[in-house]
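A.B. asks: Got a structure here, written out as structure tokens. Questions coming.
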Amino acid sequence: AQSVTQLGSHVSVSEGALVLLRCNYSSSVPPYLFWYVQYPNQGLQLLLKYTSAATLVKGINGFEAEFKKSETSFHLTKPSAHMSDAAEYFCAAYMDSNYQLIWGAGTKLIIKP
Amino acid sequence: EAQVTQNPRYLITVTGKKLTVTCSQNMNHEYMSWYRQDPGLGLRQIYYSMNVEVTDKGDVPEGYKVSRKEKRNFPLILESPSPNQTSLYFCASSLGGGSTDTQYFGPGTRLTVL
């Protein structure tokens, strides 16, 4: 079955440190890929998406993600974490034409002062 | 302001008492969807709608109903809620059902069924 896997339900980094959130998908055909962010007590909002143009995608708030077909990955990074980045991050993939996104389980990012 | 609204934001009810969670979007989007979010499971799609009078089941439709009589509204109905439907519910909309469309989410409805 097609799936999206996010490694680590919680990731903790110090303020100013590199943020790396991992996402892998299972599909023989490269999908369209998304990262969404959910701040506390809010709905989800789009951070960035890969739609088969550039493999390095830049999003809002200094985040970026790189699509690597050989590794079936779409990891999210930010060079320097800020306290305001504390949130839950979801990776999602659109892998076929059934009008459904397949979601990862989410990774909660904790920022240590 | 472009937005997806949901009501109520919080609801505590008892088993078997019918309830409706409303969802409305003001962006003239064709595609609307309902998700439930449970810890460790991410988002699971309940139902979606490609347009007025067109709805289809998602991954976890059991115990839920939806209707799409107007483009802007997509209510979620629980005819006989049970405790396993205690969850955080999100409505979302997008321009179409296309693979690159961004989904816009409502603020969520936290439902507790006793």
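In the structure tokens, chains take letters A, B, ... by order of appearance, with residues numbered from 1 within each chain and ligands from 1 in the order shown.
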Neighbours of Thr5 in chain B within 9 Å (only C-alpha atoms; same-chain residues fewer than 3 positions away dropped), as a VMD selection string?

C.D. replies: chain B and resid 22 to 26 91 105 to 108

A.B. asks: Within 8 Å of range 15-28 of chain A, counting only C-alpha atoms, which residues qualify if same-chain residues fewer than 3 places away don't, as a VMD selection string?

C.D. replies: chain A and resid 1 to 8 11 31 71 to 83 91 93 95 104 107 111 to 113

A.B. asks: Could you write out the selected residues, including N, CA, C and O atoms, as a compact mmCIF listing (two decimals), in the first residue's frame?

C.D. replies:
```txt
# COMPACT_ATOMS: atom_id res chain seq x y z
N ALA A 1 0.84 -1.19 0.00
CA ALA A 1 0.00 0.00 0.00
C ALA A 1 0.88 1.24 0.00
O ALA A 1 1.97 1.25 0.56
N GLN A 2 0.35 2.27 -0.62
CA GLN A 2 1.10 3.52 -0.65
C GLN A 2 1.09 4.15 0.73
O GLN A 2 0.07 4.11 1.44
N SER A 3 2.21 4.74 1.12
CA SER A 3 2.28 5.32 2.45
C SER A 3 3.28 6.46 2.48
O SER A 3 4.14 6.59 1.61
N VAL A 4 3.13 7.26 3.52
CA VAL A 4 4.07 8.34 3.81
C VAL A 4 4.55 8.13 5.23
O VAL A 4 3.72 8.00 6.14
N THR A 5 5.84 8.09 5.41
CA THR A 5 6.42 7.83 6.72
C THR A 5 7.24 9.01 7.19
O THR A 5 8.12 9.49 6.48
N GLN A 6 6.92 9.47 8.37
CA GLN A 6 7.71 10.53 8.99
C GLN A 6 8.48 9.91 10.15
O GLN A 6 7.88 9.33 11.06
N LEU A 7 9.78 10.05 10.10
CA LEU A 7 10.62 9.43 11.12
C LEU A 7 10.70 10.34 12.33
O LEU A 7 11.17 11.47 12.24
N GLY A 8 10.21 9.81 13.46
CA GLY A 8 10.24 10.58 14.70
C GLY A 8 8.95 11.32 14.95
O GLY A 8 8.61 12.24 14.21
N VAL A 11 10.70 15.74 17.55
CA VAL A 11 12.09 16.14 17.30
C VAL A 11 12.36 17.38 18.12
O VAL A 11 11.59 18.34 18.08
N PRO A 31 5.60 11.12 -6.66
CA PRO A 31 4.34 11.82 -6.38
C PRO A 31 4.54 13.32 -6.29
O PRO A 31 5.65 13.83 -6.37
N GLU A 71 16.11 8.23 -3.15
CA GLU A 71 15.91 7.90 -1.74
C GLU A 71 14.42 7.91 -1.37
O GLU A 71 14.10 7.67 -0.21
N THR A 72 13.57 8.19 -2.31
CA THR A 72 12.12 8.38 -2.09
C THR A 72 11.88 9.23 -0.85
O THR A 72 11.11 8.88 0.06
N SER A 73 12.56 10.38 -0.82
CA SER A 73 12.48 11.23 0.37
C SER A 73 12.14 12.66 0.00
O SER A 73 12.34 13.12 -1.13
N PHE A 74 11.66 13.37 1.00
CA PHE A 74 11.32 14.79 0.85
C PHE A 74 11.50 15.42 2.23
O PHE A 74 10.57 15.85 2.88
N HIS A 75 12.72 15.48 2.69
CA HIS A 75 13.01 15.98 4.04
C HIS A 75 12.91 17.49 4.11
O HIS A 75 13.32 18.21 3.19
N LEU A 76 12.44 17.96 5.23
CA LEU A 76 12.25 19.41 5.46
C LEU A 76 13.39 19.93 6.32
O LEU A 76 13.75 19.31 7.33
N THR A 77 13.95 21.07 5.93
CA THR A 77 15.06 21.63 6.70
C THR A 77 14.88 23.13 6.89
O THR A 77 14.16 23.81 6.14
N LYS A 78 15.55 23.61 7.93
CA LYS A 78 15.66 25.04 8.17
C LYS A 78 17.00 25.25 8.85
O LYS A 78 17.32 24.54 9.82
N PRO A 79 17.82 26.17 8.36
CA PRO A 79 19.19 26.30 8.88
C PRO A 79 19.26 26.66 10.36
O PRO A 79 20.14 26.19 11.06
N SER A 80 18.33 27.50 10.82
CA SER A 80 18.41 28.01 12.17
C SER A 80 17.02 28.06 12.80
O SER A 80 16.18 28.85 12.38
N ALA A 81 16.81 27.24 13.81
CA ALA A 81 15.49 27.15 14.43
C ALA A 81 15.18 28.37 15.26
O ALA A 81 16.04 28.93 15.94
N HIS A 82 13.91 28.73 15.24
CA HIS A 82 13.42 29.84 16.04
C HIS A 82 12.31 29.31 16.94
O HIS A 82 11.63 28.34 16.60
N MET A 83 12.13 29.96 18.08
CA MET A 83 11.10 29.50 19.02
C MET A 83 9.73 29.41 18.35
O MET A 83 8.92 28.54 18.67
N CYS A 91 3.86 15.72 6.55
CA CYS A 91 4.22 15.48 5.17
C CYS A 91 3.05 14.76 4.51
O CYS A 91 2.39 13.92 5.14
N ALA A 93 1.46 13.23 0.50
CA ALA A 93 1.78 12.91 -0.89
C ALA A 93 0.51 12.63 -1.67
O ALA A 93 -0.43 12.00 -1.17
N MET A 95 -0.40 10.55 -4.69
CA MET A 95 0.30 9.52 -5.45
C MET A 95 -0.49 8.95 -6.62
O MET A 95 0.04 8.26 -7.44
N GLY A 104 1.39 11.65 6.36
CA GLY A 104 2.23 11.07 7.39
C GLY A 104 1.60 11.31 8.75
O GLY A 104 0.64 12.06 8.89
N THR A 107 5.15 15.11 12.83
CA THR A 107 6.31 15.24 13.72
C THR A 107 6.18 16.53 14.50
O THR A 107 6.03 17.60 13.90
N ILE A 111 11.38 23.27 20.34
CA ILE A 111 12.55 24.15 20.29
C ILE A 111 12.99 24.44 21.72
O ILE A 111 12.21 24.97 22.52
N LYS A 112 14.23 24.11 22.02
CA LYS A 112 14.78 24.36 23.36
C LYS A 112 15.47 25.70 23.38
O LYS A 112 16.23 26.02 22.47
N PRO A 113 15.21 26.50 24.43
CA PRO A 113 15.86 27.82 24.49
C PRO A 113 17.37 27.71 24.67
O PRO A 113 17.89 26.72 25.17
```

A.B. asks: Which residue out of A:Gly59, A:Lys108, A:Glu88, A:Trp103 has the minimum interatomic distance to chain B when only C-alpha atoms are used?

C.D. replies: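 So, comparing all the options, the nearest one is A:Trp103.
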
A.B. asks: Using only C-alpha atoms, which residues of chain B come within 7 Å of chain A, and what is the closest atom pair for each, with the distance in Å to one decimal? Give it as JSON lines, sorted by chain and residue number.

C.D. replies:
```
{"residue": "B:Gly40", "atom": "CA", "partner": "A:Ala105", "partner_atom": "CA", "distance": 5.5}
{"residue": "B:Leu41", "atom": "CA", "partner": "A:Ala105", "partner_atom": "CA", "distance": 4.9}
{"residue": "B:Gly42", "atom": "CA", "partner": "A:Ala105", "partner_atom": "CA", "distance": 3.8}
{"residue": "B:Leu43", "atom": "CA", "partner": "A:Trp103", "partner_atom": "CA", "distance": 6.1}
{"residue": "B:Gly97", "atom": "CA", "partner": "A:Tyr99", "partner_atom": "CA", "distance": 5.5}
{"residue": "B:Gly98", "atom": "CA", "partner": "A:Tyr99", "partner_atom": "CA", "distance": 6.9}
{"residue": "B:Ser99", "atom": "CA", "partner": "A:Tyr94", "partner_atom": "CA", "distance": 5.9}
{"residue": "B:Thr100", "atom": "CA", "partner": "A:Thr51", "partner_atom": "CA", "distance": 6.3}
{"residue": "B:Thr102", "atom": "CA", "partner": "A:Leu46", "partner_atom": "CA", "distance": 7.0}
{"residue": "B:Tyr104", "atom": "CA", "partner": "A:Gln45", "partner_atom": "CA", "distance": 6.6}
{"residue": "B:Phe105", "atom": "CA", "partner": "A:Gly43", "partner_atom": "CA", "distance": 5.5}
{"residue": "B:Gly106", "atom": "CA", "partner": "A:Gly43", "partner_atom": "CA", "distance": 5.6}
{"residue": "B:Pro107", "atom": "CA", "partner": "A:Gly43", "partner_atom": "CA", "distance": 4.3}
{"residue": "B:Gly108", "atom": "CA", "partner": "A:Gly43", "partner_atom": "CA", "distance": 5.9}
```

A.B. asks: Do a neighbour search on Leu19 in chain B at 7 Å with only C-alpha atoms, toss out local chain neighbours closer than 5 positions, and write the hits as JSON, numbers by chain.

C.D. replies: {"B": [77, 78, 79]}

A.B. asks: Would you save the residues from that selection as a PDB file, in the first residue's frame, using C-alpha atoms?

C.D. replies:
```pdb
ATOM      1  CA  ILE B  77     -23.215  14.681  10.310  1.00  0.00           C
ATOM      2  CA  LEU B  78     -22.862  12.105  13.046  1.00  0.00           C
ATOM      3  CA  GLU B  79     -26.221  10.362  13.243  1.00  0.00           C
TER       4      GLU B  79
END
```

A.B. asks: Which residues are near Arg72 in chain B? Cut-off 9 Å, only C-alpha atoms, ignore same chain within fewer than 2 positions. Put them as number ranges by chain.

C.D. replies: B: 23-30, 32, 52, 68-70, 74

A.B. asks: Mind dumping the selected residues with C-alpha atoms as an mmCIF file, in the first residue's frame?

C.D. replies:
```
data_model
loop_
_atom_site.group_PDB
_atom_site.id
_atom_site.type_symbol
_atom_site.label_atom_id
_atom_site.label_comp_id
_atom_site.auth_asym_id
_atom_site.auth_seq_id
_atom_site.Cartn_x
_atom_site.Cartn_y
_atom_site.Cartn_z
ATOM 1 C CA CYS B 23 -18.088 23.917 7.371
ATOM 2 C CA SER B 24 -18.163 26.887 5.052
ATOM 3 C CA GLN B 25 -15.612 28.374 2.643
ATOM 4 C CA ASN B 26 -15.718 31.736 0.875
ATOM 5 C CA MET B 27 -13.164 31.010 -1.859
ATOM 6 C CA ASN B 28 -15.492 29.448 -4.420
ATOM 7 C CA HIS B 29 -13.558 26.207 -4.131
ATOM 8 C CA GLU B 30 -14.942 23.113 -5.796
ATOM 9 C CA MET B 32 -14.018 20.103 0.061
ATOM 10 C CA VAL B 52 -22.138 20.224 -5.523
ATOM 11 C CA ARG B 68 -23.024 19.171 -0.484
ATOM 12 C CA LYS B 69 -26.118 21.082 -1.504
ATOM 13 C CA GLU B 70 -24.299 24.377 -1.981
ATOM 14 C CA PHE B 74 -20.055 20.893 3.485
#
```

A.B. asks: Kindly give the distance, in Å, that separates CA of Gly16 in chain B and CA of Val4 in chain B, rounded to a single decimal.

C.D. replies: 27.9 Å

A.B. asks: With only C-alpha atoms as the atoms that count, which of A:Pro40, A:Ser14, A:Asp85, A:Trp35 lies nearest to Glu64 in chain A?

C.D. replies: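 Nearest candidate to Glu64 in chain A out of A:Pro40, A:Ser14, A:Asp85, A:Trp35: A:Trp35.
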
A.B. asks: As number ranges by chain, please: the residues near Ser67 in chain B (cut-off 8 Å, only C-alpha atoms, same-chain neighbours under 2 positions excluded).

C.D. replies: B: 53, 55, 65, 69, 74-76

A.B. asks: Find the residues around Asn84 in chain B up to 10 Å (only C-alpha atoms counted), leave out those fewer than 6 positions away in its own chain, and share them as a PyMOL selection string.

C.D. replies: chain B and resi 15+63+112-114

A.B. asks: Output N, CA, C and O atoms for every residue in the selection just made, as a JSON list (two decimals), in the first residue's frame.

C.D. replies:
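Written output follows (selection-v7.json):
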```json
[["chain", "number", "residue", "atom", "x", "y", "z"],
["B", 15, "THR", "N", -23.29, 9.72, 23.81],
["B", 15, "THR", "CA", -23.48, 8.66, 22.82],
["B", 15, "THR", "C", -24.90, 8.66, 22.29],
["B", 15, "THR", "O", -25.86, 8.73, 23.06],
["B", 63, "GLY", "N", -19.86, 5.71, 10.17],
["B", 63, "GLY", "CA", -20.43, 6.49, 11.25],
["B", 63, "GLY", "C", -20.62, 7.97, 10.93],
["B", 63, "GLY", "O", -21.06, 8.74, 11.78],
["B", 112, "THR", "N", -15.88, 15.64, 21.76],
["B", 112, "THR", "CA", -15.79, 14.60, 22.79],
["B", 112, "THR", "C", -17.15, 13.93, 22.90],
["B", 112, "THR", "O", -18.16, 14.62, 23.09],
["B", 113, "VAL", "N", -17.16, 12.60, 22.77],
["B", 113, "VAL", "CA", -18.40, 11.84, 22.89],
["B", 113, "VAL", "C", -18.30, 10.99, 24.16],
["B", 113, "VAL", "O", -17.42, 10.13, 24.29],
["B", 114, "LEU", "N", -19.20, 11.25, 25.08],
["B", 114, "LEU", "CA", -19.16, 10.53, 26.38],
["B", 114, "LEU", "C", -20.01, 9.29, 26.35],
["B", 114, "LEU", "O", -20.99, 9.21, 25.60]]
```

A.B. asks: One decimal, Å: what's the distance from CA of Glu62 in chain B over to CA of Lys18 in chain B, could you say?

C.D. replies: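 Atom-to-atom, CA of Glu62 in chain B to CA of Lys18 in chain B, that is 14.7 Å.
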
A.B. asks: CA of Asp59 in chain B to CA of Arg110 in chain B: how many Å, to one decimal?

C.D. replies: 19.7 Å
